[in-house]
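Q: Okay, here's the structure, questions in a sec.
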Amino acid sequence: MGIKDLPERERPQEKLMYSGPESLSTAELLALLLRNGTANRSAVQLAEDILAYVEREIGNMRDVSVHELCNLDGIGKAKACSVVACMELTKRFQNRREDVVKDVLRNPDSVANLLMEDMRGLKQEQVVEVLLNSRCEVQSKIVVSKGSLNAAPMQPSDVLRGAIRNGAAGIILAHNHPSGDPTPSKEDIQITRRMQEAGKLVGIQILDHLIIGNGKYVSLRTEGYME
(Lines give C-alpha, C1' and ligand atoms only; values in the text may rest on other atoms or scores of the structure.)
Protein backbone atom coordinates (compact mmCIF):
# COMPACT_ATOMS: atom_id res chain seq x y z
CA MET A 1 0.00 0.00 0.00
CA GLY A 2 1.37 3.40 -0.99
CA ILE A 3 1.06 6.55 1.11
CA LYS A 4 -1.61 7.94 -1.24
CA ASP A 5 -3.73 4.84 -0.54
CA LEU A 6 -3.87 5.62 3.18
CA PRO A 7 -6.67 7.69 4.75
CA GLU A 8 -5.63 11.35 4.68
CA ARG A 9 -5.04 11.72 8.42
CA GLU A 10 -2.78 8.62 8.44
CA ARG A 11 -0.37 10.04 5.86
CA PRO A 12 2.90 11.34 7.39
CA GLN A 13 2.53 14.95 6.28
CA GLU A 14 -1.10 15.20 7.35
CA LYS A 15 -0.38 13.44 10.66
CA LEU A 16 2.34 15.98 11.39
CA MET A 17 0.03 18.87 10.55
CA TYR A 18 -2.97 17.59 12.52
CA SER A 19 -1.32 15.80 15.46
CA GLY A 20 2.22 17.18 15.69
CA PRO A 21 5.62 15.55 15.02
CA GLU A 22 5.40 13.44 18.19
CA SER A 23 2.61 11.40 16.59
CA LEU A 24 4.85 10.14 13.77
CA SER A 25 7.05 7.08 13.90
CA THR A 26 10.76 7.46 13.12
CA ALA A 27 10.17 5.89 9.71
CA GLU A 28 7.37 8.37 8.96
CA LEU A 29 9.55 11.33 9.93
CA LEU A 30 12.34 10.04 7.71
CA ALA A 31 9.83 9.49 4.89
CA LEU A 32 9.05 13.21 4.93
CA LEU A 33 12.71 13.88 4.12
CA LEU A 34 12.64 11.36 1.28
CA ARG A 35 9.42 12.99 -0.04
CA ASN A 36 8.45 10.13 -2.36
CA GLY A 37 8.99 6.45 -2.95
CA THR A 38 9.56 4.33 -6.02
CA ALA A 39 7.29 2.28 -8.25
CA ASN A 40 7.55 -0.65 -5.83
CA ARG A 41 8.28 0.93 -2.44
CA SER A 42 6.56 3.76 -0.60
CA ALA A 43 8.59 6.50 1.06
CA VAL A 44 7.83 4.94 4.46
CA GLN A 45 9.08 1.55 3.27
CA LEU A 46 12.27 3.14 1.94
CA ALA A 47 12.70 4.85 5.31
CA GLU A 48 12.28 1.51 7.08
CA ASP A 49 14.98 0.05 4.79
CA ILE A 50 17.34 2.89 5.76
CA LEU A 51 16.67 2.47 9.48
CA ALA A 52 17.21 -1.30 9.27
CA TYR A 53 20.50 -0.82 7.41
CA VAL A 54 21.77 1.78 9.88
CA GLU A 55 20.87 -0.37 12.87
CA ARG A 56 22.54 -3.42 11.30
CA GLU A 57 25.67 -1.84 9.83
CA ILE A 58 26.37 1.53 11.45
CA GLY A 59 24.59 1.83 14.77
CA ASN A 60 23.96 5.58 14.67
CA MET A 61 21.91 7.44 12.09
CA ARG A 62 24.03 10.57 12.56
CA ASP A 63 27.07 8.76 11.13
CA VAL A 64 25.51 7.59 7.85
CA SER A 65 27.07 8.87 4.61
CA VAL A 66 25.65 9.78 1.20
CA HIS A 67 27.61 6.96 -0.40
CA GLU A 68 26.18 4.36 1.99
CA LEU A 69 22.62 5.54 1.42
CA CYS A 70 23.03 5.56 -2.36
CA ASN A 71 23.92 1.87 -2.20
CA LEU A 72 20.40 1.09 -0.99
CA ASP A 73 17.73 0.29 -3.58
CA GLY A 74 15.49 3.26 -4.28
CA ILE A 75 17.77 5.85 -2.66
CA GLY A 76 19.31 8.30 -5.11
CA LYS A 77 21.63 11.24 -4.55
CA ALA A 78 18.85 13.72 -3.80
CA LYS A 79 17.26 11.54 -1.11
CA ALA A 80 20.65 10.63 0.38
CA CYS A 81 21.78 14.26 0.51
CA SER A 82 18.52 15.32 2.20
CA VAL A 83 18.96 12.73 4.95
CA VAL A 84 22.65 13.45 5.55
CA ALA A 85 22.03 17.21 5.54
CA CYS A 86 19.32 16.77 8.19
CA MET A 87 21.64 14.67 10.35
CA GLU A 88 24.37 17.31 10.08
CA LEU A 89 21.96 20.09 11.05
CA THR A 90 20.88 18.03 14.07
CA LYS A 91 24.49 17.61 15.18
CA ARG A 92 25.25 21.30 14.76
CA PHE A 93 22.21 22.48 16.71
CA GLN A 94 22.93 19.95 19.44
CA ASN A 95 26.55 21.10 19.68
CA ARG A 96 25.44 24.74 19.85
CA ARG A 97 23.04 23.95 22.69
CA GLU A 98 25.64 21.98 24.61
CA ASP A 99 28.10 24.86 24.25
CA VAL A 100 25.52 27.23 25.71
CA VAL A 101 24.76 25.06 28.75
CA LYS A 102 28.36 24.02 29.42
CA ASP A 103 29.35 24.67 33.04
CA VAL A 104 25.78 25.82 33.83
CA LEU A 105 24.23 22.70 35.40
CA ARG A 106 25.21 23.48 38.97
CA ASN A 107 21.76 23.28 40.58
CA PRO A 108 18.24 21.97 39.91
CA ASP A 109 17.06 25.31 38.52
CA SER A 110 19.66 25.19 35.74
CA VAL A 111 18.64 21.64 34.83
CA ALA A 112 14.96 22.61 34.79
CA ASN A 113 15.75 25.58 32.55
CA LEU A 114 17.44 23.23 30.11
CA LEU A 115 14.60 20.70 29.97
CA MET A 116 11.38 22.56 30.79
CA GLU A 117 10.37 23.88 27.37
CA ASP A 118 10.97 20.54 25.65
CA MET A 119 9.11 18.47 28.25
CA ARG A 120 6.31 20.56 29.76
CA GLY A 121 3.88 20.08 26.88
CA LEU A 122 4.42 16.38 26.17
CA LYS A 123 1.24 14.33 26.10
CA GLN A 124 2.96 11.12 27.24
CA GLU A 125 5.54 10.54 29.94
CA GLN A 126 9.10 10.64 28.69
CA VAL A 127 12.31 9.79 30.53
CA VAL A 128 15.42 11.84 29.72
CA GLU A 129 18.94 11.59 31.06
CA VAL A 130 21.51 14.38 30.98
CA LEU A 131 25.04 12.96 30.90
CA LEU A 132 27.77 14.91 32.68
CA ASN A 133 31.55 14.64 32.76
CA SER A 134 33.63 14.89 35.94
CA ARG A 135 33.47 18.72 35.77
CA CYS A 136 29.65 18.69 35.63
CA GLU A 137 29.72 19.77 31.98
CA VAL A 138 26.94 18.48 29.78
CA GLN A 139 28.03 15.74 27.40
CA SER A 140 24.66 14.92 25.88
CA LYS A 141 20.95 14.56 26.50
CA ILE A 142 19.36 11.19 25.75
CA VAL A 143 15.70 10.17 25.60
CA VAL A 144 15.67 6.89 27.53
CA SER A 145 12.04 5.91 26.99
CA LYS A 146 8.60 7.12 26.00
CA GLY A 147 5.50 5.80 27.70
CA SER A 148 1.81 6.46 28.25
CA LEU A 149 -0.20 9.24 29.85
CA ASN A 150 0.85 8.27 33.36
CA ALA A 151 3.84 5.94 33.10
CA ALA A 152 7.11 5.43 31.22
CA PRO A 153 9.42 2.43 31.56
CA MET A 154 12.71 3.19 33.28
CA GLN A 155 15.12 0.30 33.76
CA PRO A 156 18.63 0.73 35.25
CA SER A 157 20.15 -1.05 32.26
CA ASP A 158 18.56 1.43 29.84
CA VAL A 159 19.68 4.44 31.86
CA LEU A 160 23.24 3.25 32.45
CA ARG A 161 23.88 1.95 28.93
CA GLY A 162 24.19 5.41 27.40
CA ALA A 163 26.30 6.70 30.28
CA ILE A 164 28.73 3.80 30.03
CA ARG A 165 28.96 4.11 26.24
CA ASN A 166 29.71 7.83 26.51
CA GLY A 167 32.08 7.56 29.47
CA ALA A 168 29.89 9.82 31.62
CA ALA A 169 30.75 10.46 35.25
CA GLY A 170 27.24 11.38 36.34
CA ILE A 171 23.60 11.36 35.31
CA ILE A 172 20.72 13.68 35.99
CA LEU A 173 17.40 11.99 35.33
CA ALA A 174 14.18 13.76 34.42
CA HIS A 175 10.70 12.77 33.43
CA ASN A 176 7.51 14.72 32.88
CA HIS A 177 4.04 14.43 34.34
CA PRO A 178 1.55 15.23 31.54
CA SER A 179 -0.98 16.23 34.18
CA GLY A 180 1.21 19.26 34.91
CA ASP A 181 1.58 18.30 38.59
CA PRO A 182 5.22 17.37 39.35
CA THR A 183 4.47 15.78 42.72
CA PRO A 184 6.54 12.55 42.90
CA SER A 185 4.74 9.23 43.25
CA LYS A 186 5.92 6.34 45.40
CA GLU A 187 7.05 4.62 42.20
CA ASP A 188 9.12 7.68 41.21
CA ILE A 189 10.93 7.58 44.54
CA GLN A 190 11.45 3.82 44.47
CA ILE A 191 12.86 3.70 40.94
CA THR A 192 15.18 6.62 41.71
CA ARG A 193 16.68 4.73 44.64
CA ARG A 194 17.06 1.64 42.46
CA MET A 195 18.90 3.75 39.90
CA GLN A 196 21.23 5.08 42.56
CA GLU A 197 22.10 1.58 43.73
CA ALA A 198 22.69 0.39 40.17
CA GLY A 199 24.86 3.42 39.45
CA LYS A 200 27.06 2.67 42.44
CA LEU A 201 27.82 -0.78 41.04
CA VAL A 202 29.33 0.70 37.86
CA GLY A 203 30.79 3.88 39.37
CA ILE A 204 28.32 6.35 37.85
CA GLN A 205 26.53 8.84 40.11
CA ILE A 206 22.83 9.50 39.76
CA LEU A 207 23.02 13.13 40.87
CA ASP A 208 19.36 14.10 40.78
CA HIS A 209 15.96 13.19 39.38
CA LEU A 210 13.70 16.02 38.28
CA ILE A 211 9.98 15.67 37.67
CA ILE A 212 8.81 18.26 35.16
CA GLY A 213 5.30 19.68 35.34
CA ASN A 214 3.65 22.63 33.63
CA GLY A 215 6.10 25.43 34.38
CA LYS A 216 7.21 23.88 37.66
CA TYR A 217 9.33 20.97 38.79
CA VAL A 218 10.37 18.89 41.77
CA SER A 219 13.96 17.82 42.51
CA LEU A 220 13.98 14.52 44.39
CA ARG A 221 17.42 15.34 45.81
CA THR A 222 16.29 18.72 47.12
CA GLU A 223 13.21 17.09 48.63
CA GLY A 224 15.40 14.60 50.50
CA TYR A 225 14.41 11.44 48.60
CA MET A 226 17.98 10.70 47.42
CA GLU A 227 21.12 9.90 49.33
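Residue names in the C-alpha coordinates use chain letters A, B, ... in the order shown, residue numbers from 1 in each chain, and ligand numbers from 1 in the order shown.
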Would you mind listing what lies within 9 Å of region 157-159 of chain A as a list in words, with only C-alpha atoms counted and same-chain residues fewer than 3 positions away left out?

A: Val128, Glu129, Val144, Ser145, Met154, Gly162, Ala163, Ile171, Leu173, Met195 and Ala198 of chain A

Q: Neighbouring residues of Ser82 (chain A) were defined as those with any atom within 12 Å, considering only C-alpha atoms; residues of the same chain fewer than 2 positions away were excluded. Please report them as a list in words.

A: Leu30, Ala31, Leu32, Leu33, Leu34, Arg35, Val64, Ser65, Val66, Leu69, Cys70, Ile75, Gly76, Lys77, Ala78, Lys79, Ala80, Val84, Ala85, Cys86, Met87, Glu88 and Leu89 of chain A

Q: In terms of the shortest atom-to-atom distance over only C-alpha atoms, which of A:Cys136, A:Leu114, A:Ala152, A:Leu160 is closest to His177 (chain A)?

A: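 Looking only at the distances to His177 (chain A), the closest residue turns out to be A:Ala152.
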
Q: Could you list, as a ChimeraX atom specification, every residue within 12 Å of Asn107 (chain A), counting only C-alpha atoms and ignoring same-chain residues fewer than 2 positions away?

A: /A:103-105,109-114,136,172,207-210,219,221-222

Q: Quick one: write out the picked residues with all heavy atoms as a short mmCIF file (atom, residue, chain, number, x, y, z; two decimals), in the first residue's frame?

A:
data_model
loop_
_atom_site.label_atom_id
_atom_site.label_comp_id
_atom_site.auth_asym_id
_atom_site.auth_seq_id
_atom_site.Cartn_x
_atom_site.Cartn_y
_atom_site.Cartn_z
N ASP A 103 28.99 24.09 31.75
CA ASP A 103 29.35 24.67 33.04
C ASP A 103 28.18 25.37 33.74
O ASP A 103 28.40 26.10 34.69
CB ASP A 103 30.50 25.68 32.89
CG ASP A 103 31.84 25.00 32.77
OD1 ASP A 103 32.04 23.93 33.35
OD2 ASP A 103 32.69 25.54 32.06
N VAL A 104 26.93 25.14 33.25
CA VAL A 104 25.78 25.82 33.83
C VAL A 104 25.01 24.92 34.80
O VAL A 104 24.39 25.40 35.72
CB VAL A 104 24.84 26.33 32.71
CG1 VAL A 104 23.54 26.85 33.29
CG2 VAL A 104 25.53 27.42 31.92
N LEU A 105 25.07 23.60 34.61
CA LEU A 105 24.23 22.70 35.40
C LEU A 105 24.81 22.49 36.79
O LEU A 105 25.35 21.45 37.12
CB LEU A 105 24.06 21.37 34.66
CG LEU A 105 23.42 21.46 33.29
CD1 LEU A 105 23.11 20.07 32.76
CD2 LEU A 105 22.15 22.29 33.33
N ASP A 109 17.67 24.28 39.36
CA ASP A 109 17.06 25.31 38.52
C ASP A 109 17.68 25.32 37.12
O ASP A 109 16.97 25.46 36.12
CB ASP A 109 17.24 26.70 39.15
CG ASP A 109 16.24 26.97 40.25
OD1 ASP A 109 15.24 26.22 40.35
OD2 ASP A 109 16.44 27.92 41.02
N SER A 110 19.00 25.16 37.05
CA SER A 110 19.66 25.19 35.74
C SER A 110 19.28 23.98 34.90
O SER A 110 19.14 24.07 33.68
CB SER A 110 21.19 25.28 35.90
OG SER A 110 21.69 24.15 36.59
N VAL A 111 19.07 22.84 35.56
CA VAL A 111 18.64 21.64 34.83
C VAL A 111 17.21 21.84 34.33
O VAL A 111 16.89 21.53 33.17
CB VAL A 111 18.72 20.39 35.73
CG1 VAL A 111 18.28 19.15 34.95
CG2 VAL A 111 20.12 20.21 36.28
N ALA A 112 16.35 22.37 35.19
CA ALA A 112 14.96 22.61 34.79
C ALA A 112 14.89 23.59 33.63
O ALA A 112 14.08 23.43 32.71
CB ALA A 112 14.16 23.13 35.98
N ASN A 113 15.73 24.61 33.65
CA ASN A 113 15.75 25.58 32.55
C ASN A 113 16.14 24.92 31.23
O ASN A 113 15.65 25.30 30.17
CB ASN A 113 16.72 26.72 32.87
CG ASN A 113 16.20 27.64 33.95
OD1 ASN A 113 15.00 27.72 34.20
ND2 ASN A 113 17.12 28.33 34.63
N LEU A 114 17.01 23.93 31.31
CA LEU A 114 17.44 23.23 30.11
C LEU A 114 16.33 22.36 29.53
O LEU A 114 16.18 22.26 28.31
CB LEU A 114 18.66 22.36 30.44
CG LEU A 114 19.16 21.40 29.35
CD1 LEU A 114 19.68 22.18 28.15
CD2 LEU A 114 20.23 20.47 29.90
N CYS A 136 31.07 18.33 35.69
CA CYS A 136 29.65 18.69 35.63
C CYS A 136 29.30 19.44 34.36
O CYS A 136 28.34 20.23 34.33
CB CYS A 136 29.23 19.50 36.85
SG CYS A 136 29.14 18.52 38.36
N ILE A 172 21.90 13.05 35.42
CA ILE A 172 20.72 13.68 35.99
C ILE A 172 19.51 13.16 35.23
O ILE A 172 19.43 13.30 34.00
CB ILE A 172 20.78 15.22 35.89
CG1 ILE A 172 21.95 15.75 36.71
CG2 ILE A 172 19.46 15.84 36.38
CD1 ILE A 172 22.16 17.24 36.60
N LEU A 207 22.90 11.91 40.08
CA LEU A 207 23.02 13.13 40.87
C LEU A 207 21.68 13.71 41.29
O LEU A 207 21.57 14.33 42.34
CB LEU A 207 23.81 14.17 40.07
CG LEU A 207 25.23 13.74 39.69
CD1 LEU A 207 25.84 14.73 38.70
CD2 LEU A 207 26.10 13.63 40.94
N ASP A 208 20.67 13.55 40.45
CA ASP A 208 19.36 14.10 40.78
C ASP A 208 18.32 13.46 39.86
O ASP A 208 18.66 12.84 38.86
CB ASP A 208 19.34 15.62 40.62
CG ASP A 208 18.25 16.30 41.46
OD1 ASP A 208 17.34 15.58 41.96
OD2 ASP A 208 18.31 17.53 41.62
N HIS A 209 17.08 13.62 40.21
CA HIS A 209 15.96 13.19 39.38
C HIS A 209 14.91 14.28 39.46
O HIS A 209 14.35 14.54 40.53
CB HIS A 209 15.40 11.86 39.88
CG HIS A 209 14.30 11.32 39.02
ND1 HIS A 209 13.69 10.11 39.29
CD2 HIS A 209 13.67 11.81 37.91
CE1 HIS A 209 12.75 9.89 38.37
NE2 HIS A 209 12.73 10.91 37.53
N LEU A 210 14.69 14.95 38.34
CA LEU A 210 13.70 16.02 38.28
C LEU A 210 12.40 15.52 37.66
O LEU A 210 12.42 14.76 36.69
CB LEU A 210 14.22 17.19 37.45
CG LEU A 210 14.98 18.30 38.19
CD1 LEU A 210 16.25 17.74 38.80
CD2 LEU A 210 15.29 19.46 37.26
N SER A 219 12.68 18.52 42.45
CA SER A 219 13.96 17.82 42.51
C SER A 219 13.91 16.82 43.65
O SER A 219 13.72 17.20 44.81
CB SER A 219 15.10 18.82 42.74
OG SER A 219 16.25 18.17 43.25
N ARG A 221 16.30 15.13 44.89
CA ARG A 221 17.42 15.34 45.81
C ARG A 221 17.12 16.48 46.77
O ARG A 221 17.32 16.35 47.99
CB ARG A 221 18.72 15.61 45.05
CG ARG A 221 19.91 15.87 45.98
CD ARG A 221 21.23 15.90 45.26
NE ARG A 221 21.57 14.58 44.71
CZ ARG A 221 22.08 13.59 45.43
NH1 ARG A 221 22.27 13.73 46.74
NH2 ARG A 221 22.38 12.44 44.86
N THR A 222 16.62 17.58 46.25
CA THR A 222 16.29 18.72 47.12
C THR A 222 15.22 18.35 48.13
O THR A 222 15.26 18.80 49.29
CB THR A 222 15.80 19.90 46.26
OG1 THR A 222 16.83 20.29 45.34
CG2 THR A 222 15.45 21.09 47.13
#

Q: For a test of reading the model, state the distance in Å between CA of Ser185 (chain A) and CA of Arg161 (chain A), rounded to one decimal.

A: 25.0 Å

Q: Do you know which residues are at most 12 Å from Gln190 (chain A) counting only C-alpha atoms, after dropping those on the same chain fewer than 2 positions away, and could you put them as a PyMOL selection string?

A: chain A and resi 154-155+184-188+192-197+209+220+225-226

Q: Quote the spacing between CA of His175 (chain A) and CA of Arg106 (chain A) in Å to one decimal place.

A: 18.9 Å
